[in-house]
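Worksheet: one structure, shown below.
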There are 2 protein chains.
Amino acid sequence: MAMDKKENFNQFYEKFLNLAKNYGHYDSSQREVILRVLYHSNAHLSADEIACRARKYIRISLPTVYNTLNFLENLGLIHTLVLPPFKTKTYKLKLDYHDQLVCIKCGTAMPFCDKKLREKESEILQNYNFTAINRTIILYGVCFSCQKKQR
Amino acid sequence: MAMDKKENFNQFYEKFLNLAKNYGHYDSSQREVILRVLYHSNAHLSADEIACRARKYIRISLPTVYNTLNFLENLGLIHTLVLPPFKTKTYKLKLDYHDQLVCIKCGTAMPFCDKKLREKESEILQNYNFTAINRTIILYGVCFSCQKKQR
DNA sequence: CTATGTGCAAAGGCTTTGCAAACGG
DNA sequence: CCGTTTGCAAAGCCTTTGCACATAG
C-alpha cells in the first residue's frame with residue numbers, strides 16, 4: 001500500500017479498504033473516523049487522544065479504538081511509539097517511508113532522509129543477520145521550540 | 001559520574017555512594033543488590049527481572065525495586081527503554097551508550113555500537129536544531145532465528 | 001444468514017501510593 | 001532520634017477480554 005502524503009483522505013481510505021478487505025475487514029463509521037483522525041495528525045497520538053478527536057464526529061468507546069489500532073498494527077500500517085514518561089503507547093499512520101526525527105516533548109515528527117545513515121543501517125542489520133522490514137529510522141531528541149519553552 | 005566499564009563493581013558502588021549521599025540517600029542492602037544486578041547486565045532489564053535476579057541474594061519487594069529505579073532515574077544514572085510489545089519499561093545503567101537492534105517478532109534486543117552511525121546521528125540532530133536527550137539509536141528488523149521460523 | 005464490529009463491564013498487568021515497622025547515620 | 005527505606009496491601013492507569021447486541025456483506 002504505497003501512500004503518498006499529498007493524496008487526500010478519500011483516496012487513502014479507498015486504498016485502505018482494498019487492502020483491508022483481504023483480512024476480513026468490515027467497514028464501520030468508527031474505523032473510518034479513526035483513520036481520518038490518524039490521517040490528519042502529524043504527531044503520534046495516544047488511544048485516548050484518538051478517541052477524543054473521533055468523538056467530535058461519532059460516539060466511540062475506548063475498546064473500539066484499541067481494537068482498530070491493533071487491527072491496523074497487524075496490517076503494518078501503524079507506527080507505534082512509547083515516549084517519556086513511558087505510560088502510554090502512541091500511534092501514527094505510516095503514510096510514507098521517510099525516516100523521522102521525533103521530539104520527545106511535543107511528539108512532533110520531522111521526516112528526513114539521509115542516504116549515508118541508511119547505508120550504515122543496512123550494514124549493521126546485515127552484520128547481525130537481521131532482515132530489515134518496513135524500514136524506518138527514528139531518532140529522538142528535543143525540538144527547537146520545546147528547547148525554548150524549557151528555559 | 002564517569003563510569004568506565006572496566007572498573008569493578010566496588011569501585012563503581014563507591015562512586016555511586018558519593019554521588020547519592022548528596023541526594024539524601026541512605027544505604028541499604030536492597031539498593032546495593034539492585035545496583036549490582038544492573039551493573040552486571042548488558043541488556044535492558046524489567047523491574048520484574050531485576051527483582052528475580054536480586055532475590056538470589058536477598059529478600060526484596062517489587063515496590064522497592066521501582067522505588068530504587070526511580071531514584072536512580074532521577075539521578076540520571078539509568079537509561080529507560082520500552083520495546084515491543086510495549087508492555088514494560090526496561091532499565092539499564094548508563095555505563096556506556098549502547099544502541100540496540102530490536103527484533104520486532106520476538107523482542108530480542110541486541111546491543112551494538114557503531115561510531116560512524118553515532119556521528120551521523122549527531123549531524124542530523126544538529127541540522128534540525130534538535131537537542132539529543134537520552135541518546136539511543138534503535139534499529140528494527142527480524143532476527144535470524146525468527147527468519148528461520150517464518151519459513 | 002454469517003462473520004465482524006461495537007459498547008459495556010470487568011479483568012489483567014505494570015507501576016505507584018499509603019502506612020506502619022525497620023533501619024541508617 | 002530523625003529521616004529514609006522497606007514490605008504489604010491497595011489503588012491507579014492503560015489495555016485487553018467476554019459477551020450480548022448491532023451491523024456489514
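Order determines the names: the first chain of the C-alpha cells is A, the second B, and so forth; residues in each chain are numbered 1 upward, and ligands are numbered 1 upward as they are shown.
When chain B is laid over chain A and all C-alpha atoms are paired one by one, the RMSD comes to 2.3 Å.
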Expected answer as a PyMOL selection string: chain B residues within 10 Å of chain A, only C-alpha atoms: chain B and resi 80-89+101-104+110+112-114+116-122+124-125+128-147
Those residues you just picked out, can you put them in a file as a PDB file, in the first residue's frame with C-alpha atoms?
```
ATOM      1  CA  THR B  80      14.946   3.655  30.150  1.00  0.00           C
ATOM      2  CA  LEU B  81      13.529   1.891  27.157  1.00  0.00           C
ATOM      3  CA  VAL B  82      10.148   0.452  26.169  1.00  0.00           C
ATOM      4  CA  LEU B  83      10.343  -2.143  23.433  1.00  0.00           C
ATOM      5  CA  PRO B  84       7.728  -4.126  21.514  1.00  0.00           C
ATOM      6  CA  PRO B  85       5.270  -5.373  22.665  1.00  0.00           C
ATOM      7  CA  PHE B  86       5.401  -2.125  24.640  1.00  0.00           C
ATOM      8  CA  LYS B  87       4.181  -3.563  27.931  1.00  0.00           C
ATOM      9  CA  THR B  88       7.021  -2.902  30.324  1.00  0.00           C
ATOM     10  CA  LYS B  89       9.693  -0.355  30.938  1.00  0.00           C
ATOM     11  CA  LEU B 101      18.997  -3.814  17.262  1.00  0.00           C
ATOM     12  CA  VAL B 102      15.488  -4.956  18.111  1.00  0.00           C
ATOM     13  CA  CYS B 103      13.682  -7.904  16.586  1.00  0.00           C
ATOM     14  CA  ILE B 104      10.073  -6.929  16.010  1.00  0.00           C
ATOM     15  CA  MET B 110      20.939  -6.834  20.641  1.00  0.00           C
ATOM     16  CA  PHE B 112      25.698  -2.709  19.275  1.00  0.00           C
ATOM     17  CA  CYS B 113      27.983   0.243  18.929  1.00  0.00           C
ATOM     18  CA  ASP B 114      28.890   1.950  15.694  1.00  0.00           C
ATOM     19  CA  LYS B 116      30.029   6.341  12.400  1.00  0.00           C
ATOM     20  CA  LEU B 117      26.321   5.796  12.932  1.00  0.00           C
ATOM     21  CA  ARG B 118      26.582   7.940  16.062  1.00  0.00           C
ATOM     22  CA  GLU B 119      28.387  10.661  14.193  1.00  0.00           C
ATOM     23  CA  LYS B 120      25.718  10.650  11.515  1.00  0.00           C
ATOM     24  CA  GLU B 121      23.047  10.916  14.165  1.00  0.00           C
ATOM     25  CA  SER B 122      24.706  13.904  15.815  1.00  0.00           C
ATOM     26  CA  ILE B 124      21.338  15.092  11.615  1.00  0.00           C
ATOM     27  CA  LEU B 125      20.068  16.188  15.021  1.00  0.00           C
ATOM     28  CA  TYR B 128      17.359  20.156  12.533  1.00  0.00           C
ATOM     29  CA  ASN B 129      18.118  22.069  15.728  1.00  0.00           C
ATOM     30  CA  PHE B 130      17.275  19.086  17.878  1.00  0.00           C
ATOM     31  CA  THR B 131      18.854  18.528  21.259  1.00  0.00           C
ATOM     32  CA  ALA B 132      19.851  14.946  21.880  1.00  0.00           C
ATOM     33  CA  ILE B 133      18.430  13.551  25.083  1.00  0.00           C
ATOM     34  CA  ASN B 134      18.930  10.053  26.340  1.00  0.00           C
ATOM     35  CA  ARG B 135      20.534   9.144  23.073  1.00  0.00           C
ATOM     36  CA  THR B 136      19.891   5.650  21.897  1.00  0.00           C
ATOM     37  CA  ILE B 137      19.605   4.576  18.327  1.00  0.00           C
ATOM     38  CA  ILE B 138      17.211   1.716  17.846  1.00  0.00           C
ATOM     39  CA  LEU B 139      17.090  -0.186  14.594  1.00  0.00           C
ATOM     40  CA  TYR B 140      14.244  -2.607  13.979  1.00  0.00           C
ATOM     41  CA  GLY B 141      14.303  -5.785  11.949  1.00  0.00           C
ATOM     42  CA  VAL B 142      13.740  -9.509  12.128  1.00  0.00           C
ATOM     43  CA  CYS B 143      16.450 -11.558  13.775  1.00  0.00           C
ATOM     44  CA  PHE B 144      17.949 -14.653  12.209  1.00  0.00           C
ATOM     45  CA  SER B 145      16.135 -17.186  14.367  1.00  0.00           C
ATOM     46  CA  CYS B 146      12.742 -15.585  13.672  1.00  0.00           C
ATOM     47  CA  GLN B 147      13.532 -15.551   9.957  1.00  0.00           C
TER      48      GLN B 147
END
```
Pull out every residue of chain D that has at least one atom within 7 Å of chain B, counting only C-alpha atoms (C1' of nucleotides), and report them as JSON, numbers by chain. {"D": [4, 6, 7]}
How close does chain C get to chain A? List, as CSV, each residue of chain C within 8 Å, its nearest atom pair and the distance in Å to one decimal, counting only C-alpha atoms (C1' of nucleotides).
```
residue,atom,partner,partner_atom,distance
C:DT4,C1',A:Tyr26,CA,6.1
C:DG5,C1',A:Ser28,CA,7.3
C:DT6,C1',A:Thr64,CA,6.7
C:DG7,C1',A:Ser61,CA,6.5
```
Could you please write out, as a list in words, every residue of chain A that DSSP assigns to strand (DSSP E or B)?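 For chain A, the strand (DSSP E or B) set is Leu45, Ser46, Ile78, His79, Thr80, Leu81, Val82, Lys89, Thr90, Tyr91, Lys92, Leu93, Asp99, Gln100, Leu101, Val102, Cys103, Ala109, Met110, Pro111, Phe112, Thr131, Ile138, Leu139, Tyr140, Gly141 and Val142 of chain A.
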Residue selection dump (N, CA, C and O atoms) as an mmCIF file, in the first residue's frame:
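Result saved to result_35.cif:
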```
data_model
loop_
_atom_site.group_PDB
_atom_site.id
_atom_site.type_symbol
_atom_site.label_atom_id
_atom_site.label_comp_id
_atom_site.auth_asym_id
_atom_site.auth_seq_id
_atom_site.Cartn_x
_atom_site.Cartn_y
_atom_site.Cartn_z
ATOM 1 N N LEU A 45 -0.266 9.832 18.314
ATOM 2 C CA LEU A 45 -1.379 10.069 19.230
ATOM 3 C C LEU A 45 -1.613 8.854 20.112
ATOM 4 O O LEU A 45 -1.438 7.723 19.670
ATOM 5 N N SER A 46 -2.050 9.120 21.349
ATOM 6 C CA SER A 46 -2.442 8.011 22.221
ATOM 7 C C SER A 46 -3.853 7.575 21.865
ATOM 8 O O SER A 46 -4.605 8.308 21.221
ATOM 9 N N ILE A 78 0.682 0.972 10.916
ATOM 10 C CA ILE A 78 0.830 1.873 12.061
ATOM 11 C C ILE A 78 2.255 1.836 12.583
ATOM 12 O O ILE A 78 2.868 0.769 12.647
ATOM 13 N N HIS A 79 2.743 2.987 12.937
ATOM 14 C CA HIS A 79 3.998 3.025 13.681
ATOM 15 C C HIS A 79 3.701 3.343 15.131
ATOM 16 O O HIS A 79 3.013 4.303 15.432
ATOM 17 N N THR A 80 4.211 2.502 16.021
ATOM 18 C CA THR A 80 3.935 2.635 17.451
ATOM 19 C C THR A 80 5.162 3.164 18.169
ATOM 20 O O THR A 80 6.284 2.846 17.795
ATOM 21 N N LEU A 81 4.895 3.940 19.188
ATOM 22 C CA LEU A 81 5.975 4.623 19.877
ATOM 23 C C LEU A 81 5.586 4.806 21.340
ATOM 24 O O LEU A 81 4.444 5.085 21.646
ATOM 25 N N VAL A 82 6.530 4.619 22.241
ATOM 26 C CA VAL A 82 6.290 4.921 23.661
ATOM 27 C C VAL A 82 7.346 5.915 24.106
ATOM 28 O O VAL A 82 8.527 5.610 24.085
ATOM 29 N N LYS A 89 1.161 3.984 24.940
ATOM 30 C CA LYS A 89 1.568 3.795 23.564
ATOM 31 C C LYS A 89 0.992 4.930 22.723
ATOM 32 O O LYS A 89 -0.100 5.432 23.005
ATOM 33 N N THR A 90 1.718 5.332 21.705
ATOM 34 C CA THR A 90 1.176 6.322 20.777
ATOM 35 C C THR A 90 1.312 5.780 19.364
ATOM 36 O O THR A 90 2.204 4.986 19.082
ATOM 37 N N TYR A 91 0.411 6.225 18.516
ATOM 38 C CA TYR A 91 0.265 5.623 17.194
ATOM 39 C C TYR A 91 0.268 6.681 16.105
ATOM 40 O O TYR A 91 -0.240 7.784 16.282
ATOM 41 N N LYS A 92 0.794 6.283 14.957
ATOM 42 C CA LYS A 92 0.826 7.189 13.807
ATOM 43 C C LYS A 92 0.776 6.354 12.536
ATOM 44 O O LYS A 92 1.369 5.282 12.481
ATOM 45 N N LEU A 93 0.050 6.822 11.540
ATOM 46 C CA LEU A 93 -0.004 6.103 10.275
ATOM 47 C C LEU A 93 1.347 6.131 9.578
ATOM 48 O O LEU A 93 2.049 7.136 9.610
ATOM 49 N N ASP A 99 12.398 8.577 7.102
ATOM 50 C CA ASP A 99 12.889 8.465 8.456
ATOM 51 C C ASP A 99 12.400 9.675 9.232
ATOM 52 O O ASP A 99 11.989 10.667 8.648
ATOM 53 N N GLN A 100 12.431 9.553 10.538
ATOM 54 C CA GLN A 100 11.822 10.597 11.331
ATOM 55 C C GLN A 100 12.701 11.028 12.490
ATOM 56 O O GLN A 100 13.382 10.222 13.110
ATOM 57 N N LEU A 101 12.587 12.327 12.745
ATOM 58 C CA LEU A 101 13.191 12.922 13.914
ATOM 59 C C LEU A 101 12.013 13.225 14.826
ATOM 60 O O LEU A 101 11.130 13.990 14.461
ATOM 61 N N VAL A 102 11.967 12.608 16.004
ATOM 62 C CA VAL A 102 10.796 12.763 16.851
ATOM 63 C C VAL A 102 11.159 13.557 18.088
ATOM 64 O O VAL A 102 12.144 13.250 18.765
ATOM 65 N N CYS A 103 10.356 14.564 18.374
ATOM 66 C CA CYS A 103 10.565 15.348 19.595
ATOM 67 C C CYS A 103 9.859 14.649 20.738
ATOM 68 O O CYS A 103 8.653 14.432 20.698
ATOM 69 N N ALA A 109 6.883 14.984 14.661
ATOM 70 C CA ALA A 109 7.782 14.137 13.892
ATOM 71 C C ALA A 109 8.230 14.906 12.661
ATOM 72 O O ALA A 109 7.402 15.443 11.934
ATOM 73 N N MET A 110 9.508 14.973 12.466
ATOM 74 C CA MET A 110 10.050 15.666 11.301
ATOM 75 C C MET A 110 10.714 14.634 10.391
ATOM 76 O O MET A 110 11.693 14.015 10.777
ATOM 77 N N PRO A 111 10.137 14.441 9.221
ATOM 78 C CA PRO A 111 10.713 13.460 8.313
ATOM 79 C C PRO A 111 12.043 13.953 7.765
ATOM 80 O O PRO A 111 12.213 15.151 7.545
ATOM 81 N N PHE A 112 12.972 13.044 7.584
ATOM 82 C CA PHE A 112 14.216 13.421 6.936
ATOM 83 C C PHE A 112 14.710 12.223 6.154
ATOM 84 O O PHE A 112 14.208 11.121 6.275
ATOM 85 N N THR A 131 16.945 -9.166 9.199
ATOM 86 C CA THR A 131 16.253 -8.760 7.991
ATOM 87 C C THR A 131 15.554 -7.436 8.258
ATOM 88 O O THR A 131 14.892 -7.289 9.283
ATOM 89 N N ILE A 138 14.262 6.050 13.375
ATOM 90 C CA ILE A 138 13.704 7.122 14.180
ATOM 91 C C ILE A 138 14.749 7.617 15.156
ATOM 92 O O ILE A 138 15.299 6.835 15.926
ATOM 93 N N LEU A 139 15.033 8.898 15.088
ATOM 94 C CA LEU A 139 15.957 9.493 16.038
ATOM 95 C C LEU A 139 15.151 10.367 16.998
ATOM 96 O O LEU A 139 14.211 11.040 16.582
ATOM 97 N N TYR A 140 15.516 10.338 18.260
ATOM 98 C CA TYR A 140 14.766 11.076 19.262
ATOM 99 C C TYR A 140 15.571 12.250 19.784
ATOM 100 O O TYR A 140 16.785 12.176 19.911
ATOM 101 N N GLY A 141 14.868 13.315 20.097
ATOM 102 C CA GLY A 141 15.530 14.470 20.668
ATOM 103 C C GLY A 141 14.501 15.470 21.125
ATOM 104 O O GLY A 141 13.328 15.151 21.232
ATOM 105 N N VAL A 142 14.936 16.675 21.388
ATOM 106 C CA VAL A 142 14.027 17.746 21.774
ATOM 107 C C VAL A 142 14.112 18.824 20.712
ATOM 108 O O VAL A 142 15.196 19.336 20.420
#
```
Got a sec: who's within 9 Å of DT15 in chain C, counting only C-alpha atoms (C1' of nucleotides), leaving out chain neighbours fewer than 2 positions off, as a PDB file with N, CA and C atoms (P, O5', C5', C4', C3', O3' and C1' of nucleotides), in the first residue's frame?
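The new file selection-v4.pdb reads:
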```pdb
ATOM      1  N   PRO B  63       7.766  -3.045  44.899  1.00  0.00           N
ATOM      2  CA  PRO B  63       7.769  -1.596  45.116  1.00  0.00           C
ATOM      3  C   PRO B  63       9.162  -1.049  45.439  1.00  0.00           C
ATOM      4  N   TYR B  66      11.041  -0.651  42.186  1.00  0.00           N
ATOM      5  CA  TYR B  66      10.603   0.554  41.471  1.00  0.00           C
ATOM      6  C   TYR B  66      11.104   1.806  42.161  1.00  0.00           C
TER       7      TYR B  66
ATOM      8  P    DG D  12      -7.662   5.251  43.751  1.00  0.00           P
ATOM      9  O5'  DG D  12      -6.624   5.610  42.602  1.00  0.00           O
ATOM     10  C5'  DG D  12      -5.462   4.816  42.446  1.00  0.00           C
ATOM     11  C4'  DG D  12      -4.661   5.349  41.290  1.00  0.00           C
ATOM     12  C3'  DG D  12      -5.515   5.751  40.087  1.00  0.00           C
ATOM     13  O3'  DG D  12      -4.814   6.747  39.342  1.00  0.00           O
ATOM     14  C1'  DG D  12      -4.329   3.726  39.633  1.00  0.00           C
ATOM     15  P    DC D  13      -5.574   7.566  38.175  1.00  0.00           P
ATOM     16  O5'  DC D  13      -4.940   7.001  36.835  1.00  0.00           O
ATOM     17  C5'  DC D  13      -3.824   6.187  36.960  1.00  0.00           C
ATOM     18  C4'  DC D  13      -3.275   5.750  35.633  1.00  0.00           C
ATOM     19  C3'  DC D  13      -4.149   5.934  34.400  1.00  0.00           C
ATOM     20  O3'  DC D  13      -3.319   6.245  33.295  1.00  0.00           O
ATOM     21  C1'  DC D  13      -3.811   3.613  34.816  1.00  0.00           C
TER      22       DC D  13
END
```
Just want the 8 Å neighbourhood of Ile50 in chain A, counted on only C-alpha atoms (C1' of nucleotides), with same-chain residues fewer than 2 positions away dropped. Output as a VMD selection string. chain A and resid 34 37 to 38 45 to 48 52 to 54 65
Among range 14-137 of chain B, which residues carry a DSSP assignment of alpha helix (DSSP H), reported as an NGL selection string? :B and (14-20 or 29-39 or 47-54 or 62-74 or 115-127)
Selection from above, N, CA and C atoms, as a compact mmCIF listing (two decimals), in the first residue's frame, can you write it?
```txt
# COMPACT_ATOMS: atom_id res chain seq x y z
N GLU B 14 31.23 2.68 45.14
CA GLU B 14 31.77 3.76 45.96
C GLU B 14 31.46 5.11 45.32
N LYS B 15 31.66 5.18 44.02
CA LYS B 15 31.34 6.42 43.29
C LYS B 15 29.86 6.75 43.44
N PHE B 16 29.05 5.70 43.32
CA PHE B 16 27.61 5.92 43.44
C PHE B 16 27.26 6.50 44.80
N LEU B 17 27.82 5.92 45.88
CA LEU B 17 27.50 6.40 47.22
C LEU B 17 27.90 7.87 47.38
N ASN B 18 29.03 8.20 46.83
CA ASN B 18 29.49 9.57 46.88
C ASN B 18 28.52 10.53 46.24
N LEU B 19 28.01 10.13 45.08
CA LEU B 19 27.07 10.97 44.38
C LEU B 19 25.74 11.02 45.11
N ALA B 20 25.28 9.85 45.56
CA ALA B 20 23.91 9.72 46.05
C ALA B 20 23.71 10.36 47.41
N SER B 29 20.85 -2.76 51.81
CA SER B 29 21.32 -3.94 51.07
C SER B 29 20.50 -4.11 49.78
N GLN B 30 19.21 -3.75 49.81
CA GLN B 30 18.39 -3.88 48.62
C GLN B 30 18.95 -3.03 47.48
N ARG B 31 19.23 -1.80 47.78
CA ARG B 31 19.75 -0.91 46.73
C ARG B 31 21.09 -1.38 46.21
N GLU B 32 21.90 -1.86 47.13
CA GLU B 32 23.22 -2.32 46.67
C GLU B 32 23.06 -3.49 45.71
N VAL B 33 22.16 -4.41 46.04
CA VAL B 33 21.99 -5.58 45.17
C VAL B 33 21.39 -5.18 43.83
N ILE B 34 20.43 -4.27 43.84
CA ILE B 34 19.86 -3.80 42.58
C ILE B 34 20.97 -3.21 41.70
N LEU B 35 21.80 -2.41 42.28
CA LEU B 35 22.89 -1.82 41.51
C LEU B 35 23.83 -2.91 41.00
N ARG B 36 24.06 -3.90 41.84
CA ARG B 36 24.93 -4.99 41.43
C ARG B 36 24.33 -5.73 40.23
N VAL B 37 23.03 -5.99 40.30
CA VAL B 37 22.36 -6.67 39.20
C VAL B 37 22.46 -5.84 37.91
N LEU B 38 22.14 -4.56 38.04
CA LEU B 38 22.20 -3.69 36.86
C LEU B 38 23.61 -3.62 36.30
N TYR B 39 24.56 -3.54 37.23
CA TYR B 39 25.95 -3.39 36.80
C TYR B 39 26.42 -4.57 35.97
N ALA B 47 11.68 -4.32 35.69
CA ALA B 47 11.69 -4.31 37.15
C ALA B 47 11.56 -5.73 37.69
N ASP B 48 10.70 -6.50 37.05
CA ASP B 48 10.48 -7.86 37.50
C ASP B 48 11.74 -8.72 37.36
N GLU B 49 12.41 -8.58 36.23
CA GLU B 49 13.65 -9.34 36.03
C GLU B 49 14.70 -8.94 37.06
N ILE B 50 14.76 -7.65 37.36
CA ILE B 50 15.71 -7.18 38.35
C ILE B 50 15.38 -7.78 39.71
N ALA B 51 14.10 -7.80 40.05
CA ALA B 51 13.68 -8.39 41.33
C ALA B 51 14.08 -9.86 41.39
N CYS B 52 13.82 -10.61 40.32
CA CYS B 52 14.16 -12.04 40.31
C CYS B 52 15.65 -12.26 40.54
N ARG B 53 16.45 -11.50 39.82
CA ARG B 53 17.89 -11.67 39.98
C ARG B 53 18.35 -11.27 41.37
N ALA B 54 17.75 -10.21 41.89
CA ALA B 54 18.15 -9.73 43.21
C ALA B 54 17.79 -10.75 44.28
N LEU B 62 8.73 -5.79 45.02
CA LEU B 62 8.67 -5.05 43.77
C LEU B 62 8.60 -3.53 43.98
N PRO B 63 7.77 -3.05 44.90
CA PRO B 63 7.77 -1.60 45.12
C PRO B 63 9.16 -1.05 45.44
N THR B 64 9.95 -1.81 46.17
CA THR B 64 11.30 -1.35 46.48
C THR B 64 12.15 -1.27 45.21
N VAL B 65 11.97 -2.23 44.33
CA VAL B 65 12.71 -2.17 43.06
C VAL B 65 12.33 -0.90 42.30
N TYR B 66 11.04 -0.65 42.19
CA TYR B 66 10.60 0.55 41.47
C TYR B 66 11.10 1.81 42.16
N ASN B 67 11.02 1.80 43.46
CA ASN B 67 11.48 2.96 44.22
C ASN B 67 12.94 3.27 43.89
N THR B 68 13.75 2.24 43.93
CA THR B 68 15.17 2.44 43.64
C THR B 68 15.41 2.86 42.19
N LEU B 69 14.69 2.22 41.27
CA LEU B 69 14.88 2.56 39.86
C LEU B 69 14.51 4.02 39.61
N ASN B 70 13.44 4.47 40.25
CA ASN B 70 13.06 5.87 40.06
C ASN B 70 14.08 6.80 40.68
N PHE B 71 14.61 6.40 41.80
CA PHE B 71 15.67 7.20 42.42
C PHE B 71 16.87 7.32 41.48
N LEU B 72 17.28 6.19 40.92
CA LEU B 72 18.42 6.19 40.01
C LEU B 72 18.12 6.99 38.75
N GLU B 73 16.88 6.88 38.30
CA GLU B 73 16.49 7.62 37.11
C GLU B 73 16.59 9.13 37.36
N ASN B 74 16.13 9.56 38.52
CA ASN B 74 16.23 10.98 38.85
C ASN B 74 17.67 11.46 38.93
N LYS B 115 30.43 3.75 15.72
CA LYS B 115 30.84 5.13 15.89
C LYS B 115 30.35 6.03 14.75
N LYS B 116 30.43 5.51 13.54
CA LYS B 116 30.03 6.34 12.40
C LYS B 116 28.53 6.59 12.39
N LEU B 117 27.77 5.60 12.83
CA LEU B 117 26.32 5.80 12.93
C LEU B 117 26.02 6.91 13.93
N ARG B 118 26.72 6.90 15.03
CA ARG B 118 26.58 7.94 16.06
C ARG B 118 26.91 9.32 15.50
N GLU B 119 27.98 9.37 14.75
CA GLU B 119 28.39 10.66 14.19
C GLU B 119 27.32 11.19 13.25
N LYS B 120 26.80 10.29 12.43
CA LYS B 120 25.72 10.65 11.51
C LYS B 120 24.53 11.19 12.29
N GLU B 121 24.20 10.50 13.36
CA GLU B 121 23.05 10.92 14.16
C GLU B 121 23.24 12.33 14.71
N SER B 122 24.41 12.57 15.28
CA SER B 122 24.71 13.90 15.82
C SER B 122 24.51 14.97 14.76
N GLU B 123 25.05 14.66 13.60
CA GLU B 123 24.99 15.61 12.49
C GLU B 123 23.54 15.94 12.13
N ILE B 124 22.74 14.89 12.02
CA ILE B 124 21.34 15.09 11.62
C ILE B 124 20.56 15.86 12.68
N LEU B 125 20.75 15.47 13.94
CA LEU B 125 20.07 16.19 15.02
C LEU B 125 20.43 17.68 14.97
N GLN B 126 21.71 17.94 14.81
CA GLN B 126 22.14 19.34 14.74
C GLN B 126 21.50 20.09 13.59
N ASN B 127 21.48 19.44 12.44
CA ASN B 127 20.92 20.09 11.25
C ASN B 127 19.49 20.54 11.47
```
As a list in words, please: the residues near DG18 in chain D (cut-off 10 Å, only C-alpha atoms (C1' of nucleotides), same-chain neighbours under 6 positions excluded). DA9, DA10 and DA11 of chain C
Quick one: pull the distance between CA of Tyr13 in chain B and CA of Arg55 in chain B, Å, one decimal.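 Between CA of Tyr13 in chain B and CA of Arg55 in chain B the gap is 19.2 Å.
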In Å to one decimal, how far is CA of Leu77 in chain A from CA of Lys94 in chain A? 5.4 Å
